[in-house]
Number of protein chains: 2
Amino acid sequence: MLHAVIMAGGSGTRFWPASRHHRPKQLLGLASDKPLLRVTVDRILPLVPAERLWIVTTASTAEATRALLEDIAPNHILAEPTGRDTAACAAYAARVLLHHDPDAICLLLPADHVIADEERFRSAMAAGAAAVRKNGGLLTFGIKPTHPETGFGYLRLGERSFVQDQWAVHNLSRFVEKPDRETAEAYLADGNYLWNSGMFAWRATDLLAEVRRQLPILFDGIGAIGDALETPSEDEVLEEIYPHLPRTSVDFGIMEAARQCWTVPVDFDWSDVGSWPALADILASDDRGTVVRGRTVDLDSENSILVGDGVLVAAIGVSDLVVVATPDAVLVVPRDDAQRVKEVVDIIRERGWADVL
Amino acid sequence: MLHAVIMAGGSGTRFWPASRHHRPKQLLGLASDKPLLRVTVDRILPLVPAERLWIVTTASTAEATRALLEDIAPNHILAEPTGRDTAACAAYAARVLLHHDPDAICLLLPADHVIADEERFRSAMAAGAAAVRKNGGLLTFGIKPTHPETGFGYLRLGERSFVQDQWAVHNLSRFVEKPDRETAEAYLADGNYLWNSGMFAWRATDLLAEVRRQLPILFDGIGAIGDALETPSEDEVLEEIYPHLPRTSVDFGIMEAARQCWTVPVDFDWSDVGSWPALADILASDDRGTVVRGRTVDLDSENSILVGDGVLVAAIGVSDLVVVATPDAVLVVPRDDAQRVKEVVDIIRERGWADVL
């Protein structure tokens with residue numbers, strides 16, 4: 001049966017101060033009033049019913065996640081004691097799925113992306129799932145690039161192998177780290193490079209077989225956790241083992257050296273909403289290019305992002321600036337430096353100002 | 001006897017959002033942790049004891065003013081039902097003083113200026129008061145300019161008339177409105193122009209004689225209010241008449257056409273703290289020219305002003321910017337446009353957002 005696992009463990013540093021340790025990005029209504037995780041769940045539900053939908057979150061956000069997703073059974077909301085990157089998450093989820101369904105096909109999806117054409121999204125997901133059901137292997141979805149983005153990793157397409165429900169399925173040649181501008185332009189011109197979306201499909205057994213072959217320590221840890229599922233020691237074993245699992249990504253830790261990898265190029269409007277400027281790109285701006293959220297007074301600002309989260313933001317004559325205000329913390333940063341918000345969060349952590357983390 | 005009247009009725013629009021309708025500039029600890037009004041009172045107390053000190057404030061801030069000044073008798077804190085500019089305030093105060101002391105000499109002082117050398121300030125005030133006690137006339141104190149400021153009105157010095165306690169007393173030639181840059185530079189070079197400090201000295205009888213001659217409607221109104229002082233109808237008469245008094249300034253409404261005006265040039269460090277940049281000028285900046293107040297994270301900002309009033313302000317790589325954050329409102333404006341904050345307050349008023357006024 002087809003299951004979907006939504007990875008909802010992000011720390012959301014990049015949207016500080018709107019996002020916090022206990023209120024990460026996926027729990028925020030950034031692009032609309034609906035939190036991104038709720039949008040993600042609603043987007044997949046027509047394809048995968050709630051009884052085969054799973055959420056992997058972290059201990060610090062499990063309660064808020066359960067409150068947001070009342071239609072998902074509490075035991076389908078898995079809480080990592082601490083985040084150990086996507087390989088551990090994927091393996092843990094695969095092991096849980098197999099516990100309930102030895103033939104589980106798994107779609108692994110991020111909780112915090114924005115996708116405009118939901119029908120087309122589900123069509124691609126269904127095709128990817130059907131492809132791995134028939135052919136095995138590990139499959140990733142690649143987004144056809146629309147501009148030379150330097151903030152994403154890329155996939156190099158291999159030759160086209162077959163067509164599944166009108167979607168071409170290619171061999172995956174390799175994963176590529178975030179490029180510089182010149183390289184990104186070459187990728188765009190080349191046409192054989194896709195943005196790495198972080199969305200995957202596989203049989204749970206195939207994923208675990210690759211983990212066993214490539215990451216035996218991770219496999220053993222997940223195996224011990226799996227053996228304890230639905231026993232009295234489940235929580236204890238999870239809390240003992242999970243924090244020490246090897247930390248690596250699905251992309252570079254499992255898929256890059258996997259025996260068979262596929263990729264399905266998709267062309268729906270997609271954004272990973274990875275920064276305030278990325279969010280602004282998918283929201284409507286005024287005729288001066290400024291995007292506002294919440295209560296604002298905007299006098300002659302240009303190409304700026306003004307977010308008042310329960311706070312009035314008044315801006316006069318600013319350009320290319322991001323202003324995000326909450327009742328206890330405010331961020332002001334030029335649009336082009338928005339990713340430096342991580343440095344601010346690091347400093348706040350160093351200074352021990354836990355109240356604004 | 002020498003009395004001092006402190007005008008504490010400012011609306012403090014220029015320091016929004018730190019200042020509000022019910023918490024104007026003089027009640028804020030802008031330059032130090034002590035509110036400006038408290039500093040002003042403490043500065044004059046060694047010259048004028050509390051029993052001859054008077055505060056004129058407005059109805060909306062009377063309570064907060066009394067709370068701040070527990071050493072001043074409540075009946076010395078006069079509340080204008082609504083502000084009617086400085087001529088009405090000066091005439092009202094003079095009438096109240098005469099009610100208690102027919103020989104009252106009055107120093108009229110703003111509540112919200114910063115003066116570094118308090119001894120020298122008091123020496124000048126004492127000399128000005130002695131000068132008008134002996135010679136009558138209306139006297140204003142003029143600050144020797146240190147730069148071609150375009151934000152102040154100026155005084156044109158007349159010839160030197162006499163020396164009082166080592167302070168030269170000049171005839172006042174005329175008041176000049178805020179100049180443009182070129183004119184301000186000419187004033188500075190000329191040497192006979194002073195900044196109009198808004199600090200005055202006169203016999204209460206002399207001030208009221210000029211009001212009677214030049215502003216008979218104001219005189220009659222103040223007369224009716226004066227007749228009701230310490231009667232059961234005092235409050236009622238004040239509330240009925242005061243809001244309709246003619247609205248003009250001491251400078252242009254009374255002094256400019258007065259029969260005898262003096263000015264004492266003074267040279268102590270003085271700031272009217274009229275804007276966020278003016279405040280920053282009297283506070284210590286870091287080696288990049290940035291001034292911070294409250295809890296801040298400052299990454300590479302230059303020549304900026306970051307004020308966190310109960311809110312963490314994080315700024316990354318901003319230049320020449322003013323950021324003022326409170327728990328319910330935030331202002332972001334280039335340093336050179338800081339005076340445009342008034343436009344923001346006007347818009348907030350138009351939109352009826354009383355909670356942030």
# chains A, B, ... in the order shown; residues from 1 in each chain; ligands from 1
>>> select_by_dssp(residues="segment 113-205 of chain B", states="alpha helix (DSSP H)", output="ChimeraX atom specification")
/B:118-135,181-190,204-205
>>> interface_residues(of="chain B", to="chain A", cutoff="7 Å", atoms="only C-alpha atoms", output="compact mmCIF listing (two decimals) with N, CA and C atoms, in the first residue's frame")
# COMPACT_ATOMS: atom_id res chain seq x y z
N VAL B 297 21.25 42.63 18.88
CA VAL B 297 22.30 41.88 18.20
C VAL B 297 22.65 42.71 16.97
N VAL B 311 12.18 44.76 23.69
CA VAL B 311 12.17 43.88 22.53
C VAL B 311 13.62 43.71 22.08
N LEU B 312 14.00 42.50 21.68
CA LEU B 312 15.32 42.30 21.10
C LEU B 312 15.34 42.84 19.66
N VAL B 313 16.31 43.68 19.35
CA VAL B 313 16.48 44.16 17.98
C VAL B 313 17.73 43.52 17.39
N ALA B 314 17.55 42.78 16.29
CA ALA B 314 18.68 42.19 15.57
C ALA B 314 18.81 42.89 14.23
N ALA B 315 19.98 43.46 13.98
CA ALA B 315 20.22 44.16 12.72
C ALA B 315 21.47 43.60 12.08
N ILE B 316 21.39 43.36 10.79
CA ILE B 316 22.51 42.80 10.05
C ILE B 316 22.86 43.74 8.91
N GLY B 317 24.08 44.26 8.93
CA GLY B 317 24.60 45.00 7.79
C GLY B 317 23.76 46.18 7.33
N VAL B 318 23.10 46.87 8.25
CA VAL B 318 22.34 48.05 7.83
C VAL B 318 23.21 49.29 8.01
N PRO B 327 7.01 46.41 22.06
CA PRO B 327 6.26 45.16 21.90
C PRO B 327 5.06 45.24 20.96
N ASP B 328 4.58 46.43 20.63
CA ASP B 328 3.43 46.47 19.72
C ASP B 328 3.64 47.32 18.48
N ALA B 329 4.78 47.95 18.34
CA ALA B 329 5.02 48.75 17.14
C ALA B 329 6.51 48.94 16.92
N VAL B 330 6.87 48.97 15.63
CA VAL B 330 8.27 49.08 15.22
C VAL B 330 8.38 50.16 14.16
N LEU B 331 9.43 50.96 14.26
CA LEU B 331 9.71 51.97 13.24
C LEU B 331 11.05 51.67 12.59
N VAL B 332 11.09 51.72 11.26
CA VAL B 332 12.34 51.59 10.53
C VAL B 332 12.40 52.74 9.53
N VAL B 333 13.46 53.55 9.64
CA VAL B 333 13.55 54.74 8.78
C VAL B 333 15.01 55.13 8.61
N PRO B 334 15.41 55.54 7.41
CA PRO B 334 16.77 56.05 7.26
C PRO B 334 16.99 57.26 8.18
N VAL B 344 3.94 59.01 9.82
CA VAL B 344 3.46 57.70 10.27
C VAL B 344 2.39 57.87 11.34
>>> residues_around(residues="segment 70-85 of chain B", least_positions_apart="5", cutoff="10 Å", atoms="only C-alpha atoms", output="PyMOL selection string")
chain B and resi 5-11+41+49-63+65+90+92-93+96-97+235+238-250
>>> write_last_selection(atoms="N, CA and C atoms", output="compact mmCIF listing (two decimals), in the first residue's frame")
# COMPACT_ATOMS: atom_id res chain seq x y z
N VAL B 5 8.66 77.29 36.06
CA VAL B 5 7.52 76.58 35.47
C VAL B 5 8.07 75.68 34.36
N ILE B 6 7.81 74.41 34.48
CA ILE B 6 8.32 73.46 33.49
C ILE B 6 7.18 73.05 32.57
N MET B 7 7.37 73.30 31.29
CA MET B 7 6.34 72.94 30.30
C MET B 7 6.51 71.48 29.91
N ALA B 8 5.59 70.66 30.35
CA ALA B 8 5.70 69.21 30.13
C ALA B 8 4.46 68.70 29.40
N GLY B 9 4.11 69.41 28.34
CA GLY B 9 2.89 69.05 27.63
C GLY B 9 3.13 68.45 26.26
N GLY B 10 4.37 68.15 25.94
CA GLY B 10 4.68 67.67 24.58
C GLY B 10 4.00 66.36 24.24
N SER B 11 3.67 66.22 22.98
CA SER B 11 3.01 64.99 22.55
C SER B 11 4.01 63.91 22.17
N VAL B 41 13.60 68.52 36.36
CA VAL B 41 13.22 68.96 37.71
C VAL B 41 14.45 68.94 38.63
N PRO B 49 13.41 75.87 44.89
CA PRO B 49 12.93 74.73 45.69
C PRO B 49 11.55 74.26 45.24
N ALA B 50 11.23 73.05 45.64
CA ALA B 50 10.00 72.39 45.17
C ALA B 50 8.76 73.24 45.42
N GLU B 51 8.74 74.02 46.49
CA GLU B 51 7.52 74.79 46.79
C GLU B 51 7.35 75.97 45.84
N ARG B 52 8.36 76.24 44.99
CA ARG B 52 8.19 77.28 43.96
C ARG B 52 8.41 76.70 42.56
N LEU B 53 8.25 75.41 42.48
CA LEU B 53 8.37 74.73 41.20
C LEU B 53 6.98 74.33 40.73
N TRP B 54 6.71 74.54 39.46
CA TRP B 54 5.40 74.26 38.89
C TRP B 54 5.57 73.48 37.58
N ILE B 55 4.65 72.59 37.32
CA ILE B 55 4.69 71.81 36.08
C ILE B 55 3.39 72.07 35.34
N VAL B 56 3.46 72.37 34.05
CA VAL B 56 2.25 72.43 33.24
C VAL B 56 2.26 71.22 32.32
N THR B 57 1.29 70.37 32.51
CA THR B 57 1.21 69.19 31.66
C THR B 57 -0.20 69.13 31.07
N THR B 58 -0.55 68.02 30.44
CA THR B 58 -1.88 67.91 29.85
C THR B 58 -2.70 66.87 30.61
N ALA B 59 -4.00 66.90 30.41
CA ALA B 59 -4.88 66.00 31.13
C ALA B 59 -4.45 64.55 30.96
N SER B 60 -4.03 64.19 29.74
CA SER B 60 -3.75 62.78 29.46
C SER B 60 -2.48 62.28 30.14
N THR B 61 -1.61 63.19 30.56
CA THR B 61 -0.36 62.75 31.20
C THR B 61 -0.22 63.23 32.64
N ALA B 62 -1.29 63.88 33.16
CA ALA B 62 -1.18 64.45 34.51
C ALA B 62 -0.90 63.37 35.55
N GLU B 63 -1.58 62.24 35.41
CA GLU B 63 -1.43 61.19 36.41
C GLU B 63 0.00 60.63 36.42
N THR B 65 2.59 62.11 35.37
CA THR B 65 3.50 63.18 35.80
C THR B 65 3.52 63.28 37.32
N ALA B 90 2.23 79.92 29.01
CA ALA B 90 3.00 80.93 29.75
C ALA B 90 2.06 81.86 30.51
N TYR B 92 -1.13 81.29 31.44
CA TYR B 92 -1.81 80.52 32.50
C TYR B 92 -0.89 80.38 33.71
N ALA B 93 0.37 79.99 33.44
CA ALA B 93 1.31 79.80 34.55
C ALA B 93 1.56 81.13 35.27
N VAL B 96 -1.34 81.86 37.57
CA VAL B 96 -1.32 81.01 38.76
C VAL B 96 -0.26 81.51 39.74
N LEU B 97 0.92 81.85 39.23
CA LEU B 97 1.99 82.34 40.10
C LEU B 97 1.56 83.61 40.85
N ASP B 235 -12.07 73.90 38.18
CA ASP B 235 -11.90 72.90 37.11
C ASP B 235 -12.86 73.15 35.96
N LEU B 238 -11.79 76.15 33.89
CA LEU B 238 -10.59 75.79 33.10
C LEU B 238 -10.98 74.96 31.88
N GLU B 239 -11.82 73.95 32.13
CA GLU B 239 -12.18 73.05 31.03
C GLU B 239 -13.07 73.72 29.99
N GLU B 240 -13.79 74.75 30.42
CA GLU B 240 -14.67 75.44 29.49
C GLU B 240 -13.87 76.41 28.62
N ILE B 241 -12.94 77.12 29.24
CA ILE B 241 -12.27 78.22 28.54
C ILE B 241 -10.98 77.80 27.84
N TYR B 242 -10.17 77.00 28.53
CA TYR B 242 -8.82 76.73 28.03
C TYR B 242 -8.77 76.20 26.60
N PRO B 243 -9.64 75.22 26.27
CA PRO B 243 -9.55 74.64 24.92
C PRO B 243 -9.83 75.65 23.80
N HIS B 244 -10.35 76.84 24.15
CA HIS B 244 -10.67 77.82 23.11
C HIS B 244 -9.73 79.02 23.14
N LEU B 245 -8.71 78.96 23.95
CA LEU B 245 -7.74 80.07 23.99
C LEU B 245 -7.01 80.18 22.66
N PRO B 246 -6.62 81.40 22.27
CA PRO B 246 -5.87 81.57 21.02
C PRO B 246 -4.59 80.73 21.08
N ARG B 247 -4.27 80.14 19.94
CA ARG B 247 -3.14 79.22 19.88
C ARG B 247 -1.97 79.93 19.19
N THR B 248 -0.97 80.32 19.96
CA THR B 248 0.23 80.93 19.38
C THR B 248 1.40 80.68 20.32
N SER B 249 2.59 81.01 19.83
CA SER B 249 3.77 80.73 20.64
C SER B 249 4.21 81.96 21.42
N VAL B 250 4.97 81.75 22.47
CA VAL B 250 5.57 82.86 23.21
C VAL B 250 6.45 83.69 22.28
>>> residues_around(residues="segment 150-154 of chain A", least_positions_apart="2", cutoff="8 Å", atoms="only C-alpha atoms", output="CSV table (one decimal) with C-alpha atoms, in the first residue's frame")
chain,number,residue,atom,x,y,z
A,148,PRO,CA,20.0,29.9,-12.0
A,156,ARG,CA,22.1,15.5,-12.9
A,175,PHE,CA,23.7,14.7,-6.9
A,176,VAL,CA,25.4,18.1,-7.1
A,177,GLU,CA,26.0,20.5,-4.2
A,178,LYS,CA,24.8,24.1,-4.3
A,179,PRO,CA,26.6,25.7,-7.3
A,180,ASP,CA,28.1,29.2,-7.6
A,181,ARG,CA,26.3,31.6,-9.9
A,184,ALA,CA,24.1,27.5,-11.9
A,193,TYR,CA,20.0,19.6,-14.2
A,194,LEU,CA,17.1,19.7,-11.9
A,195,TRP,CA,16.6,21.3,-8.5
A,196,ASN,CA,16.8,18.7,-5.7
>>> residues_around(residues="Leu138 of chain A", least_positions_apart="5", cutoff="12 Å", atoms="only C-alpha atoms", output="PyMOL selection string")
chain A and resi 90+105-108+128-129+131-133+169-172+199-211+250-251+254-264
>>> write_last_selection(atoms="N, CA and C atoms", output="short mmCIF file (atom, residue, chain, number, x, y, z; two decimals), in the first residue's frame")
data_model
loop_
_atom_site.label_atom_id
_atom_site.label_comp_id
_atom_site.auth_asym_id
_atom_site.auth_seq_id
_atom_site.Cartn_x
_atom_site.Cartn_y
_atom_site.Cartn_z
N ALA A 90 14.45 8.82 7.33
CA ALA A 90 13.90 7.94 6.29
C ALA A 90 13.92 6.49 6.73
N ILE A 105 4.88 1.04 0.29
CA ILE A 105 5.56 1.98 -0.60
C ILE A 105 5.54 3.31 0.14
N CYS A 106 6.66 4.02 0.12
CA CYS A 106 6.76 5.25 0.92
C CYS A 106 7.05 6.46 0.05
N LEU A 107 6.21 7.48 0.19
CA LEU A 107 6.56 8.81 -0.32
C LEU A 107 7.12 9.59 0.87
N LEU A 108 8.33 10.13 0.73
CA LEU A 108 8.93 10.91 1.82
C LEU A 108 8.92 12.37 1.38
N GLY A 128 5.49 8.35 -9.44
CA GLY A 128 6.75 7.94 -8.80
C GLY A 128 6.54 6.70 -7.95
N ALA A 129 5.44 6.69 -7.19
CA ALA A 129 5.15 5.54 -6.32
C ALA A 129 4.91 4.29 -7.17
N ALA A 131 6.09 3.73 -10.10
CA ALA A 131 7.36 3.34 -10.72
C ALA A 131 8.20 2.48 -9.78
N VAL A 132 8.30 2.86 -8.51
CA VAL A 132 9.13 2.06 -7.59
C VAL A 132 8.42 0.78 -7.17
N ARG A 133 7.09 0.80 -7.16
CA ARG A 133 6.37 -0.43 -6.85
C ARG A 133 6.72 -1.50 -7.88
N VAL A 169 10.52 8.75 -16.44
CA VAL A 169 11.38 8.35 -15.33
C VAL A 169 12.78 8.14 -15.88
N HIS A 170 13.73 8.88 -15.33
CA HIS A 170 15.12 8.82 -15.78
C HIS A 170 15.98 8.11 -14.76
N ASN A 171 17.08 7.55 -15.24
CA ASN A 171 18.12 7.21 -14.29
C ASN A 171 18.67 8.50 -13.70
N LEU A 172 19.09 8.41 -12.46
CA LEU A 172 19.70 9.58 -11.82
C LEU A 172 21.21 9.47 -11.99
N MET A 199 12.01 15.38 -2.22
CA MET A 199 10.83 14.49 -2.20
C MET A 199 11.25 13.15 -2.81
N PHE A 200 10.88 12.06 -2.17
CA PHE A 200 11.37 10.75 -2.56
C PHE A 200 10.26 9.71 -2.60
N ALA A 201 10.53 8.61 -3.33
CA ALA A 201 9.63 7.45 -3.29
C ALA A 201 10.46 6.17 -3.32
N TRP A 202 10.03 5.17 -2.56
CA TRP A 202 10.68 3.86 -2.57
C TRP A 202 9.81 2.86 -1.84
N ARG A 203 10.10 1.58 -2.09
CA ARG A 203 9.57 0.54 -1.22
C ARG A 203 10.33 0.63 0.10
N ALA A 204 9.65 0.48 1.23
CA ALA A 204 10.34 0.56 2.53
C ALA A 204 11.46 -0.49 2.59
N THR A 205 11.20 -1.66 2.02
CA THR A 205 12.23 -2.71 2.06
C THR A 205 13.47 -2.32 1.26
N ASP A 206 13.27 -1.67 0.13
CA ASP A 206 14.42 -1.27 -0.69
C ASP A 206 15.27 -0.22 0.01
N LEU A 207 14.59 0.73 0.65
CA LEU A 207 15.35 1.77 1.37
C LEU A 207 16.19 1.13 2.47
N LEU A 208 15.58 0.21 3.23
CA LEU A 208 16.31 -0.40 4.34
C LEU A 208 17.43 -1.31 3.83
N ALA A 209 17.22 -1.91 2.68
CA ALA A 209 18.29 -2.75 2.11
C ALA A 209 19.51 -1.89 1.78
N GLU A 210 19.28 -0.71 1.24
CA GLU A 210 20.41 0.18 0.95
C GLU A 210 21.06 0.67 2.24
N VAL A 211 20.25 0.96 3.25
CA VAL A 211 20.81 1.40 4.54
C VAL A 211 21.68 0.28 5.11
N VAL A 250 19.72 11.65 3.12
CA VAL A 250 19.28 10.64 2.17
C VAL A 250 20.06 10.79 0.86
N ASP A 251 20.23 12.01 0.40
CA ASP A 251 20.85 12.26 -0.90
C ASP A 251 22.27 11.71 -0.95
N ILE A 254 22.73 7.92 1.21
CA ILE A 254 22.10 6.69 0.74
C ILE A 254 21.99 6.66 -0.79
N MET A 255 21.36 7.70 -1.38
CA MET A 255 21.05 7.60 -2.81
C MET A 255 22.27 7.65 -3.71
N GLU A 256 23.25 8.49 -3.34
CA GLU A 256 24.35 8.71 -4.27
C GLU A 256 25.05 7.40 -4.63
N ALA A 257 25.16 6.47 -3.67
CA ALA A 257 25.85 5.21 -3.94
C ALA A 257 24.87 4.03 -4.02
N ALA A 258 23.59 4.34 -4.17
CA ALA A 258 22.60 3.25 -4.23
C ALA A 258 22.69 2.52 -5.57
N ARG A 259 22.20 1.29 -5.58
CA ARG A 259 22.37 0.46 -6.79
C ARG A 259 21.49 0.94 -7.92
N GLN A 260 20.29 1.43 -7.58
CA GLN A 260 19.40 1.93 -8.63
C GLN A 260 18.71 3.18 -8.14
N CYS A 261 18.94 4.26 -8.85
CA CYS A 261 18.25 5.50 -8.51
C CYS A 261 17.54 6.05 -9.73
N TRP A 262 16.36 6.56 -9.49
CA TRP A 262 15.56 7.18 -10.53
C TRP A 262 15.31 8.64 -10.19
N THR A 263 14.98 9.38 -11.22
CA THR A 263 14.44 10.70 -10.94
C THR A 263 13.32 11.01 -11.91
N VAL A 264 12.29 11.65 -11.39
CA VAL A 264 11.16 12.10 -12.21
C VAL A 264 11.24 13.62 -12.31
#
>>> atom_distance(atom1="atom CA of Gly29 of chain B", atom2="atom CA of Leu109 of chain B")
18.5 Å
>>> closest_residue(among="A:Ala88, A:Asp112, A:Leu69, A:Ala130", to="Val273 of chain A", atoms="only C-alpha atoms")
A:Asp112
>>> select_by_dssp(residues="segment 138-299 of chain A", states="strand (DSSP E)", output="count of residues only")
53
